[in-house]
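Reproduced below: protein34.cif, with mmCIF, C-alpha atoms.
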data_start
loop_
_atom_site.label_atom_id
_atom_site.label_comp_id
_atom_site.auth_asym_id
_atom_site.auth_seq_id
_atom_site.Cartn_x
_atom_site.Cartn_y
_atom_site.Cartn_z
CA MET Q 1 -4.46 -89.02 60.87
CA LYS Q 2 -2.38 -88.23 63.95
CA ALA Q 3 -0.67 -85.30 62.23
CA MET Q 4 -4.05 -83.92 61.22
CA LEU Q 5 -5.46 -84.10 64.74
CA MET Q 6 -2.30 -82.57 66.18
CA ALA Q 7 -2.62 -79.72 63.69
CA PHE Q 8 -6.21 -79.05 64.80
CA VAL Q 9 -5.10 -78.95 68.43
CA ALA Q 10 -2.17 -76.70 67.51
CA THR Q 11 -4.50 -74.29 65.69
CA ALA Q 12 -6.66 -74.03 68.81
CA LEU Q 13 -3.65 -73.58 71.11
CA ILE Q 14 -2.06 -70.94 68.88
CA SER Q 15 -5.35 -69.02 68.84
CA VAL Q 16 -5.70 -69.03 72.63
CA ALA Q 17 -2.04 -68.10 73.03
CA ALA Q 18 -2.46 -65.23 70.56
CA TYR Q 19 -5.48 -63.97 72.47
CA TYR Q 20 -3.72 -63.87 75.83
CA THR Q 21 -0.52 -62.46 74.34
CA LEU Q 22 -2.29 -59.56 72.65
CA GLN Q 23 -4.47 -58.98 75.66
CA GLY Q 24 -1.40 -58.90 77.89
CA ALA Q 25 0.21 -56.41 75.55
CA GLY Q 26 -2.82 -54.17 76.03
CA TYR Q 27 -3.63 -54.17 72.38
CA SER Q 28 -7.30 -53.92 71.65
CA ALA Q 29 -9.51 -51.37 69.93
CA ALA Q 30 -11.17 -50.64 73.28
CA GLU Q 31 -7.78 -50.11 74.91
CA LYS Q 32 -6.72 -47.77 72.15
CA THR Q 33 -9.81 -45.61 72.14
CA THR Q 34 -11.18 -45.56 75.69
CA ALA Q 35 -8.21 -46.01 77.99
CA PRO Q 36 -7.62 -43.07 80.39
CA SER Q 37 -4.45 -42.24 78.51
CA SER Q 38 -6.44 -41.88 75.30
CA VAL Q 39 -9.13 -39.55 76.60
CA ARG Q 40 -8.50 -35.88 77.30
CA LEU Q 41 -10.55 -34.99 80.35
CA ASN Q 42 -9.77 -31.28 80.62
CA MET I 1 -57.91 -13.59 23.33
CA THR I 2 -55.40 -14.50 20.63
CA GLN I 3 -53.12 -11.73 21.88
CA THR I 4 -53.37 -13.09 25.45
CA ILE I 5 -52.43 -16.62 24.36
CA GLY I 6 -49.56 -15.19 22.30
CA ALA I 7 -48.31 -13.24 25.31
CA LEU I 8 -48.51 -16.35 27.50
CA LEU I 9 -46.56 -18.41 24.97
CA ILE I 10 -43.88 -15.75 24.74
CA ALA I 11 -43.68 -15.60 28.54
CA LEU I 12 -43.43 -19.41 28.76
CA PHE I 13 -40.69 -19.45 26.12
CA SER I 14 -38.78 -16.75 27.96
CA MET I 15 -39.01 -18.72 31.23
CA THR I 16 -37.81 -21.88 29.51
CA VAL I 17 -34.85 -20.05 28.02
CA GLY I 18 -34.20 -18.48 31.41
CA LEU I 19 -34.25 -21.91 33.12
CA SER I 20 -32.01 -23.29 30.45
CA HIS I 21 -29.49 -20.56 31.17
CA ALA I 22 -29.85 -21.19 34.92
CA ASN I 23 -28.95 -24.85 34.34
CA GLU I 24 -25.74 -23.79 32.71
CA THR I 25 -24.59 -21.67 35.60
CA THR I 26 -20.88 -21.09 35.66
CA ARG I 27 -18.79 -21.39 38.79
CA GLU I 28 -17.95 -17.67 38.69
CA SER I 29 -21.59 -16.67 38.81
CA THR I 30 -22.15 -18.64 42.05
CA GLY I 31 -19.28 -16.96 43.81
CA GLY I 32 -17.28 -20.19 43.67
CA ALA I 33 -20.03 -22.34 45.17
CA GLN I 34 -21.32 -25.48 43.53
CA THR I 35 -23.54 -25.18 40.49
CA MET I 36 -26.79 -26.84 39.50
CA GLN I 37 -24.80 -29.14 37.23
CA ASP I 38 -22.69 -30.28 40.20
CA ILE I 39 -25.78 -31.03 42.26
CA MET I 40 -27.50 -32.88 39.44
CA ALA I 41 -24.36 -34.88 38.65
CA ARG I 42 -23.93 -35.87 42.29
CA GLN I 43 -27.56 -36.90 42.56
CA ALA I 44 -27.07 -39.02 39.46
CA GLY I 45 -24.22 -40.75 41.25
CA GLN I 46 -21.55 -39.32 38.95
CA GLN I 47 -18.05 -38.46 40.03
CA ILE I 48 -17.56 -34.69 40.22
CA ASP I 49 -14.43 -32.64 40.56
CA ASP I 50 -14.90 -31.05 43.99
CA SER I 51 -11.50 -29.39 44.11
CA PHE I 52 -13.23 -25.97 44.07
CA ARG I 53 -14.60 -26.87 47.51
CA ARG I 54 -11.86 -29.17 48.77
CA ASP I 55 -9.21 -26.52 48.14
CA ALA I 56 -11.29 -23.67 49.55
CA THR I 57 -10.91 -24.47 53.23
CA GLY I 58 -9.92 -22.18 56.02
CA ASN I 59 -8.33 -19.44 53.95
CA PRO I 60 -9.78 -16.07 54.97
CA ASP I 61 -8.20 -14.41 51.96
CA ALA I 62 -10.24 -16.63 49.70
CA ALA I 63 -13.48 -15.56 51.35
CA LYS I 64 -15.63 -12.80 49.96
CA GLN I 65 -15.01 -9.49 51.65
CA ILE I 66 -17.65 -8.12 53.99
CA THR I 67 -18.44 -5.30 51.61
CA GLU I 68 -19.17 -7.67 48.74
CA GLN I 69 -22.25 -9.63 47.97
CA LEU I 70 -22.23 -12.96 49.88
CA GLY I 71 -19.47 -11.52 52.04
CA VAL I 72 -18.71 -13.10 55.41
CA LEU I 73 -18.85 -11.51 58.85
CA GLY I 74 -15.67 -13.16 60.14
CA GLY I 75 -12.41 -14.36 58.73
CA VAL I 76 -13.77 -17.80 57.88
CA SER I 77 -17.34 -18.60 56.95
CA ASP I 78 -19.35 -21.47 58.41
CA SER I 79 -19.19 -23.15 55.02
CA GLU I 80 -15.42 -23.06 55.10
CA VAL I 81 -15.38 -24.53 58.61
CA PHE I 82 -17.67 -27.33 57.49
CA ARG I 83 -15.57 -27.99 54.40
CA GLY I 84 -12.49 -28.01 56.62
CA ILE I 85 -14.08 -30.69 58.79
CA ARG I 86 -15.33 -32.65 55.81
CA TYR I 87 -11.97 -32.69 54.08
CA SER I 88 -10.00 -33.04 57.34
CA ASP I 89 -8.18 -29.81 56.73
CA LEU I 90 -8.67 -28.23 60.17
CA ASP I 91 -6.48 -28.40 63.23
CA ILE I 92 -9.22 -29.50 65.60
CA LYS I 93 -9.07 -30.80 69.15
CA VAL I 94 -11.21 -33.67 70.43
CA SER I 95 -11.49 -35.24 73.89
CA ASN I 96 -10.51 -38.67 72.59
CA SER I 97 -6.90 -38.81 71.53
CA GLY I 98 -7.12 -42.31 70.09
CA PRO I 99 -6.03 -43.00 66.53
CA ALA I 100 -7.91 -41.05 63.86
CA ALA I 101 -10.28 -39.61 66.50
CA ASP I 102 -9.92 -36.12 65.03
CA ILE I 103 -11.51 -37.21 61.74
CA LEU I 104 -15.08 -36.06 62.33
CA VAL I 105 -16.51 -36.55 58.85
CA GLN I 106 -15.41 -39.13 56.29
CA ASP I 107 -17.96 -39.16 53.53
CA GLY I 108 -16.04 -41.82 51.55
CA GLY I 109 -17.28 -44.22 54.22
CA MET I 110 -20.67 -44.34 52.55
CA ARG I 111 -19.15 -45.50 49.27
CA TRP I 112 -17.27 -48.20 51.19
CA LEU I 113 -20.42 -49.31 52.98
CA GLU I 114 -22.39 -49.50 49.74
CA LEU I 115 -19.60 -51.47 48.06
CA ARG I 116 -19.32 -53.82 51.05
CA GLN I 117 -23.03 -54.52 51.29
CA GLY I 118 -23.65 -54.51 47.55
CA PRO I 119 -21.23 -55.75 44.88
CA LEU I 120 -18.75 -57.31 47.31
CA ALA I 121 -21.38 -59.44 49.01
CA ILE I 122 -23.27 -60.25 45.81
CA TYR I 123 -20.33 -61.11 43.54
CA GLY I 124 -18.33 -62.76 46.32
CA GLY I 125 -21.23 -64.91 47.48
CA GLY I 126 -22.14 -65.61 43.86
CA ALA I 127 -18.61 -66.81 43.12
CA LEU I 128 -18.79 -69.31 45.99
CA LEU I 129 -22.17 -70.63 44.92
CA GLY I 130 -20.91 -70.70 41.31
CA ILE I 131 -17.88 -72.88 42.04
CA ILE I 132 -19.95 -75.23 44.21
CA GLY I 133 -22.51 -75.57 41.41
CA LEU I 134 -19.76 -76.11 38.85
CA LEU I 135 -18.19 -78.88 40.93
CA VAL I 136 -21.53 -80.61 41.46
CA PHE I 137 -22.06 -80.46 37.69
CA PHE I 138 -18.53 -81.73 37.08
CA TYR I 139 -19.03 -84.59 39.52
CA PHE I 140 -22.14 -85.81 37.73
CA ALA I 141 -20.71 -85.18 34.26
CA ARG I 142 -17.24 -86.68 34.78
CA GLY I 143 -17.74 -88.79 37.86
CA ARG I 144 -15.11 -89.60 40.40
CA ILE I 145 -11.61 -89.94 38.95
CA MET I 146 -10.73 -93.54 39.73
CA ILE I 147 -7.42 -95.38 39.77
CA ASP I 148 -7.18 -97.04 36.36
CA GLY I 149 -7.03 -100.80 36.87
CA GLY I 150 -7.70 -100.45 40.58
CA PRO I 151 -5.32 -99.87 43.48
CA ALA I 152 -2.00 -101.70 43.62
CA GLY I 153 -2.46 -102.63 47.24
CA THR I 154 0.98 -101.38 48.23
CA THR I 155 1.59 -97.83 49.37
CA ILE I 156 4.31 -95.23 49.24
CA GLU I 157 4.88 -92.32 51.60
CA ARG I 158 3.70 -89.16 49.88
CA PHE I 159 3.95 -86.59 52.67
CA LYS I 160 5.87 -86.72 55.93
CA ALA I 161 4.14 -86.04 59.24
CA VAL I 162 5.53 -82.51 59.46
CA GLU I 163 4.26 -81.73 55.96
CA ARG I 164 0.78 -82.98 56.85
CA PHE I 165 0.88 -81.06 60.11
CA GLY I 166 1.71 -77.81 58.29
CA HIS I 167 -0.98 -78.48 55.68
CA TRP I 168 -3.67 -79.12 58.28
CA VAL I 169 -2.73 -76.10 60.39
CA LEU I 170 -3.14 -74.03 57.24
CA ALA I 171 -6.31 -75.85 56.18
CA SER I 172 -8.12 -75.84 59.51
CA SER I 173 -7.33 -72.18 60.15
CA PHE I 174 -8.38 -71.27 56.62
CA VAL I 175 -11.75 -73.00 56.97
CA LEU I 176 -12.37 -71.25 60.30
CA LEU I 177 -11.31 -67.90 58.88
CA GLY I 178 -13.45 -68.38 55.80
CA LEU I 179 -16.59 -69.28 57.75
CA THR I 180 -16.18 -66.52 60.35
CA GLY I 181 -15.28 -64.03 57.64
CA LEU I 182 -18.45 -64.87 55.73
CA LEU I 183 -20.45 -64.52 58.94
CA THR I 184 -18.96 -61.10 59.52
CA LEU I 185 -19.50 -59.92 55.95
CA LEU I 186 -22.90 -61.42 55.20
CA GLY I 187 -24.39 -62.08 58.62
CA ARG I 188 -26.29 -58.83 58.96
CA GLN I 189 -28.03 -59.31 55.64
CA LEU I 190 -28.56 -63.08 55.71
CA LEU I 191 -28.67 -64.24 59.33
CA ILE I 192 -30.36 -61.48 61.31
CA PRO I 193 -33.66 -61.96 59.42
CA VAL I 194 -33.46 -65.67 60.25
CA ILE I 195 -32.05 -65.95 63.78
CA GLY I 196 -32.64 -62.42 65.09
CA HIS I 197 -30.34 -59.77 66.54
CA GLU I 198 -29.61 -61.42 69.89
CA ALA I 199 -28.44 -64.74 68.49
CA PHE I 200 -26.49 -63.04 65.71
CA SER I 201 -24.78 -60.78 68.23
CA THR I 202 -23.44 -63.82 70.12
CA LEU I 203 -22.42 -65.45 66.87
CA ALA I 204 -20.71 -62.30 65.60
CA ILE I 205 -18.74 -61.79 68.81
CA GLY I 206 -17.59 -65.42 68.70
CA SER I 207 -16.72 -65.09 65.01
CA LYS I 208 -14.66 -62.00 65.66
CA TRP I 209 -12.71 -63.75 68.42
CA ILE I 210 -12.01 -66.77 66.22
CA HIS I 211 -11.13 -64.69 63.16
CA ASN I 212 -8.74 -62.40 65.01
CA ASN I 213 -6.88 -65.16 66.83
CA VAL I 214 -6.92 -68.07 64.39
CA ALA I 215 -5.28 -65.73 61.87
CA TRP I 216 -1.91 -66.38 63.55
CA ALA I 217 -2.22 -70.13 63.02
CA PHE I 218 -2.97 -69.43 59.35
CA MET I 219 0.19 -67.37 59.03
CA LEU I 220 2.23 -70.12 60.69
CA GLY I 221 0.76 -72.75 58.34
CA LEU I 222 1.47 -70.51 55.36
CA PHE I 223 5.06 -70.04 56.48
CA MET I 224 5.58 -73.78 57.05
CA THR I 225 4.08 -74.97 53.77
CA PHE I 226 5.91 -72.32 51.78
CA PHE I 227 9.32 -73.38 53.00
CA MET I 228 8.54 -77.11 52.79
CA TRP I 229 7.14 -77.09 49.27
CA VAL I 230 8.37 -74.04 47.38
CA TRP I 231 11.22 -76.02 45.79
CA HIS I 232 8.79 -78.59 44.38
CA ASN I 233 6.47 -75.90 43.00
CA ILE I 234 8.86 -74.01 40.77
CA PRO I 235 7.28 -74.04 37.28
CA ASN I 236 9.01 -76.02 34.53
CA LYS I 237 8.39 -77.27 30.97
CA LEU I 238 6.53 -80.33 32.23
CA ASP I 239 3.74 -78.05 33.39
CA LEU I 240 3.05 -77.06 29.77
CA VAL I 241 2.63 -80.73 28.84
CA TRP I 242 0.32 -81.20 31.81
CA PHE I 243 -1.81 -78.25 30.68
CA ALA I 244 -1.79 -79.43 27.05
CA LYS I 245 -3.26 -82.74 28.17
CA GLY I 246 -5.81 -81.07 30.42
CA GLY I 247 -4.23 -82.62 33.47
CA GLY I 248 -5.70 -85.97 32.50
CA ILE I 249 -9.02 -84.83 33.90
CA PHE I 250 -11.05 -85.30 30.78
CA GLY I 251 -9.41 -88.33 29.20
CA LYS I 252 -7.74 -91.53 30.28
CA GLU I 253 -4.21 -90.37 29.66
CA HIS I 254 -2.19 -89.25 32.69
CA PRO I 255 0.43 -86.61 31.91
CA PRO I 256 3.76 -87.05 33.71
CA ALA I 257 4.38 -85.03 36.85
CA LYS I 258 6.88 -84.79 39.66
CA LYS I 259 5.85 -84.34 43.31
CA PHE I 260 3.38 -81.61 42.36
CA ASN I 261 1.62 -81.34 39.01
CA ALA I 262 0.82 -78.03 37.30
CA GLY I 263 -2.67 -77.87 38.80
CA GLN I 264 -1.26 -78.29 42.29
CA LYS I 265 1.34 -75.62 41.54
CA ILE I 266 -1.43 -73.21 40.65
CA ILE I 267 -3.11 -73.93 43.97
CA PHE I 268 0.21 -73.58 45.79
CA TRP I 269 1.07 -70.18 44.31
CA THR I 270 -2.50 -68.94 44.63
CA VAL I 271 -2.45 -69.79 48.32
CA MET I 272 1.02 -68.38 48.87
CA VAL I 273 0.66 -65.09 47.01
CA LEU I 274 -2.92 -64.38 48.06
CA GLY I 275 -2.30 -65.81 51.54
CA PHE I 276 0.59 -63.38 52.00
CA SER I 277 -1.54 -60.50 50.73
CA VAL I 278 -4.54 -61.42 52.88
CA SER I 279 -2.21 -61.71 55.89
CA LEU I 280 -0.84 -58.21 55.31
CA SER I 281 -4.28 -56.64 54.98
CA GLY I 282 -5.40 -58.73 57.96
CA ILE I 283 -2.58 -57.36 60.13
CA SER I 284 -3.55 -53.87 59.03
CA LEU I 285 -7.11 -54.60 60.17
CA LEU I 286 -6.03 -56.35 63.39
CA PHE I 287 -4.13 -53.24 64.49
CA PRO I 288 -6.38 -50.43 63.24
CA PHE I 289 -4.60 -47.29 62.00
CA GLU I 290 -1.18 -48.65 63.02
CA TYR I 291 -0.03 -50.13 59.72
CA PRO I 292 -1.54 -48.18 56.83
CA MET I 293 -0.25 -49.64 53.58
CA PHE I 294 -2.56 -48.72 50.73
CA ALA I 295 -1.41 -45.14 50.12
CA LYS I 296 2.18 -46.41 49.87
CA THR I 297 1.12 -49.32 47.65
CA PHE I 298 -0.84 -46.98 45.39
CA ALA I 299 2.17 -44.66 45.11
CA ILE I 300 4.35 -47.56 43.97
CA MET I 301 1.68 -48.74 41.52
CA ASN I 302 1.32 -45.25 40.10
CA SER I 303 5.05 -44.93 39.54
CA VAL I 304 5.32 -48.40 37.96
CA PHE I 305 2.10 -48.60 35.94
CA GLY I 306 1.35 -44.91 35.48
CA SER I 307 -2.01 -45.36 37.18
CA SER I 308 -3.68 -42.62 39.17
CA PHE I 309 -4.71 -44.22 42.44
CA PRO I 310 -5.06 -41.82 45.39
CA THR I 311 -1.85 -41.52 47.39
CA GLU I 312 -3.25 -39.43 50.21
CA LEU I 313 -5.74 -41.43 52.24
CA LEU I 314 -7.45 -40.69 55.52
CA PRO I 315 -6.84 -43.29 58.26
CA HIS I 316 -10.39 -44.57 57.83
CA GLU I 317 -9.92 -44.89 54.08
CA GLU I 318 -6.84 -47.01 54.69
CA MET I 319 -8.95 -49.34 56.82
CA GLN I 320 -11.73 -49.41 54.23
CA TYR I 321 -9.35 -50.29 51.41
CA ALA I 322 -7.80 -52.97 53.64
CA GLN I 323 -11.22 -54.47 54.38
CA ILE I 324 -12.33 -54.49 50.76
CA TRP I 325 -9.04 -55.97 49.56
CA HIS I 326 -9.03 -58.51 52.40
CA ALA I 327 -12.50 -59.73 51.38
CA ILE I 328 -11.80 -59.83 47.63
CA VAL I 329 -8.59 -61.83 48.10
CA ALA I 330 -10.34 -64.14 50.57
CA PHE I 331 -13.14 -64.84 48.10
CA VAL I 332 -10.66 -65.74 45.35
CA MET I 333 -8.84 -68.04 47.76
CA MET I 334 -12.09 -69.66 48.87
CA VAL I 335 -13.05 -70.40 45.27
CA ALA I 336 -9.65 -72.00 44.63
CA ILE I 337 -9.68 -73.95 47.90
CA ILE I 338 -13.19 -75.29 47.39
CA ALA I 339 -11.99 -76.76 44.09
CA HIS I 340 -8.88 -78.09 45.87
CA ILE I 341 -10.99 -79.71 48.61
CA TYR I 342 -13.18 -81.34 45.98
CA ILE I 343 -10.33 -82.90 44.01
CA GLY I 344 -8.58 -83.94 47.22
CA SER I 345 -11.60 -85.76 48.61
CA VAL I 346 -14.69 -86.90 46.70
CA GLY I 347 -13.33 -85.92 43.28
CA MET I 348 -10.48 -88.40 43.10
CA GLU I 349 -10.05 -91.90 44.45
CA GLY I 350 -7.01 -92.24 46.70
CA ALA I 351 -6.17 -88.52 46.87
CA PHE I 352 -7.18 -87.90 50.47
CA ASP I 353 -4.78 -90.54 51.79
CA ALA I 354 -1.88 -88.30 50.81
CA MET I 355 -2.86 -85.85 53.54
CA GLY I 356 -4.71 -88.39 55.70
CA ASN I 357 -2.07 -90.89 56.76
CA GLY I 358 0.56 -89.78 54.26
CA GLN I 359 0.56 -93.13 52.41
CA VAL I 360 -0.80 -93.27 48.86
CA ASP I 361 -1.47 -96.29 46.70
CA LEU I 362 1.47 -96.96 44.41
CA GLU I 363 -0.72 -97.23 41.34
CA TRP I 364 -2.36 -93.88 42.15
CA ALA I 365 1.10 -92.36 42.52
CA ARG I 366 2.26 -93.80 39.19
CA GLN I 367 -0.76 -92.44 37.36
CA HIS I 368 -0.69 -88.93 38.79
CA HIS I 369 2.97 -88.38 39.70
CA SER I 370 4.93 -90.81 37.55
CA LEU I 371 8.20 -88.87 37.60
CA TRP I 372 8.07 -88.48 41.35
CA VAL I 373 7.60 -92.25 41.71
CA ALA I 374 10.60 -92.77 39.42
CA GLU I 375 12.66 -90.50 41.67
CA GLU I 376 11.54 -92.42 44.75
CA GLU I 377 12.39 -95.69 43.02
CA ALA I 378 15.85 -94.39 42.26
CA LYS I 379 16.23 -93.58 45.95
CA GLY I 380 15.16 -97.14 46.81
CA LYS I 381 11.99 -96.03 48.62
CA ILE I 382 9.58 -98.20 46.64
CA PRO I 383 8.82 -101.56 48.28
CA ALA I 384 10.31 -104.54 46.46
CA GLY I 385 8.04 -106.53 44.15
CA SER I 386 5.57 -103.69 43.69
CA SER I 387 6.37 -102.71 40.12
CA LEU I 388 3.59 -101.83 37.69
CA SER I 389 4.13 -104.92 35.56
CA ALA I 390 3.97 -107.17 38.61
CA HIS I 391 0.70 -105.60 39.67
CA HIS I 392 -0.96 -105.95 36.30
CA GLY I 393 0.51 -109.37 35.68
CA LYS I 394 2.29 -108.19 32.51
#

Here is a file; write its structure as structure tokens.
Amino acid sequence: MKAMLMAFVATALISVAAYYTLQGAGYSAAEKTTAPSSVRLN
Amino acid sequence: MTQTIGALLIALFSMTVGLSHANETTRESTGGAQTMQDIMARQAGQQIDDSFRRDATGNPDAAKQITEQLGVLGGVSDSEVFRGIRYSDLDIKVSNSGPAADILVQDGGMRWLELRQGPLAIYGGGALLGIIGLLVFFYFARGRIMIDGGPAGTTIERFKAVERFGHWVLASSFVLLGLTGLLTLLGRQLLIPVIGHEAFSTLAIGSKWIHNNVAWAFMLGLFMTFFMWVWHNIPNKLDLVWFAKGGGIFGKEHPPAKKFNAGQKIIFWTVMVLGFSVSLSGISLLFPFEYPMFAKTFAIMNSVFGSSFPTELLPHEEMQYAQIWHAIVAFVMMVAIIAHIYIGSVGMEGAFDAMGNGQVDLEWARQHHSLWVAEEEAKGKIPAGSSLSAHHGK
């Protein structure tokens, strides 16, 4: 059962790590469509 | 009086004939515009060839001259501008320079929405309910598959800790992805009427976070289990014997099998092939408009199979195809995995231990994986004094 519990913890950790990694890379739909670099103001 | 009625009948007949002719209007007589038949066909939901409009965008030479009937005042008519927008054939400028922001109209989106909310939800949800119903029926009809003669009392290691770890990373992520995916697909129709918009909004935002981030754990689990088990899942002649005997599900006879029997191989390859496919479409959806893959896939399919799938897709269409494909593949996987969960838990005595603590009863192993047990015996991994004859006192 230890391997199973460790896998559940790993799944949670991988998910949190993925979230912060992608966020740090600036990759989100909001970033892509509303960032100042994406909007032509003149 | 008779003459008046006669005149009226003749007039009515003439009008009917006139209407009949109007219904058969040719394209030339409308100046190239759509005909009554086109309108009626579209209203009836039929597919029409709209190339006469699609190809008539932004070409002043194609427009009627100002001196002609229906002539335009400028180089391009309003209709041509609209068609240019509709078929994304204009070089337009928008304030948002994000991906696909210059696609102002994408009428195929309605067909996608109807497919997503209609057949996809109905048949997908129906398939899940169907397999659950089938398993409940099977459970009551066949009962739990027990170890013939009872457990031996001694165990053998079936899966190492790293194998179980990979399996449970894959399994836990898949369950989370399945539940959050169903919430995303069906929540609007099924949950909002029950829990309201506010509660569903919170649930949907949470589901999206889980779905987007747990996906990476799923891909890791898929990668791990593929490389750990692919060698044991290569099909061989034994699988035909296993199928011929119905996997031993319906009778008392247990067909021989190595580490994985033919049924498990089906699950393995279903998960691997569909898991790879669902991962690709998932990545396409995770990074919108960055990794379009359906136009290229369709081009390959057309060249191989001679099919006629569209090879020029708008960015939004790429996303719509990815979403539809992602959901279809996920539904097929869910159906297979529900059956797998059943047979690995309540459906068969002793099966869960294989992925629980990794140790299975020796008698269970002999009945379901006799050739694998023989291999382990040859390697000296079977505890001494635990042979079948000793257990049954033969």

Tell me which protein, DNA and RNA residues are within 9 Å of range 104-118 of chain I, counting all atoms listed in the file, leaving out same-chain ones fewer than 5 positions away, and put them as a PyMOL selection string.
chain I and resi 85-88+123+185-186+189+314+316-317+320-321+323-324

Let me know the residues the PyMOL selection byres ((chain I) within 6 of (chain Q)) catches in the file above, as a PyMOL selection string.
chain I and resi 95-98+161+165+168-169+213-214+217+356-357

Best match for closeness to Phe218 in chain I among I:His232, I:Lys160, I:Arg188, I:His167, counting all atoms listed in the file:
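Under the stated criterion, the closest residue is I:His167.
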
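Going from CA of Gln359 in chain I to CA of Glu157 in chain I covers 4.5 Å.
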
So the first atom is CA of Ile132 in chain I and the second is CA of Gly347 in chain I; what is the distance between them in Å, to one decimal place?
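Between CA of Ile132 in chain I and CA of Gly347 in chain I the gap works out to 12.6 Å.
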
Care to translate the PyMOL selection byres ((chain I and resi 261) around 9) into actual residues of this file, as a list in words?
Asn233, Leu238, Asp239, Trp242, Gly247, Pro255, Pro256, Ala257, Lys258, Lys259, Phe260, Ala262, Gly263, Gln264, Lys265, Ile266, His368 and His369 of chain I
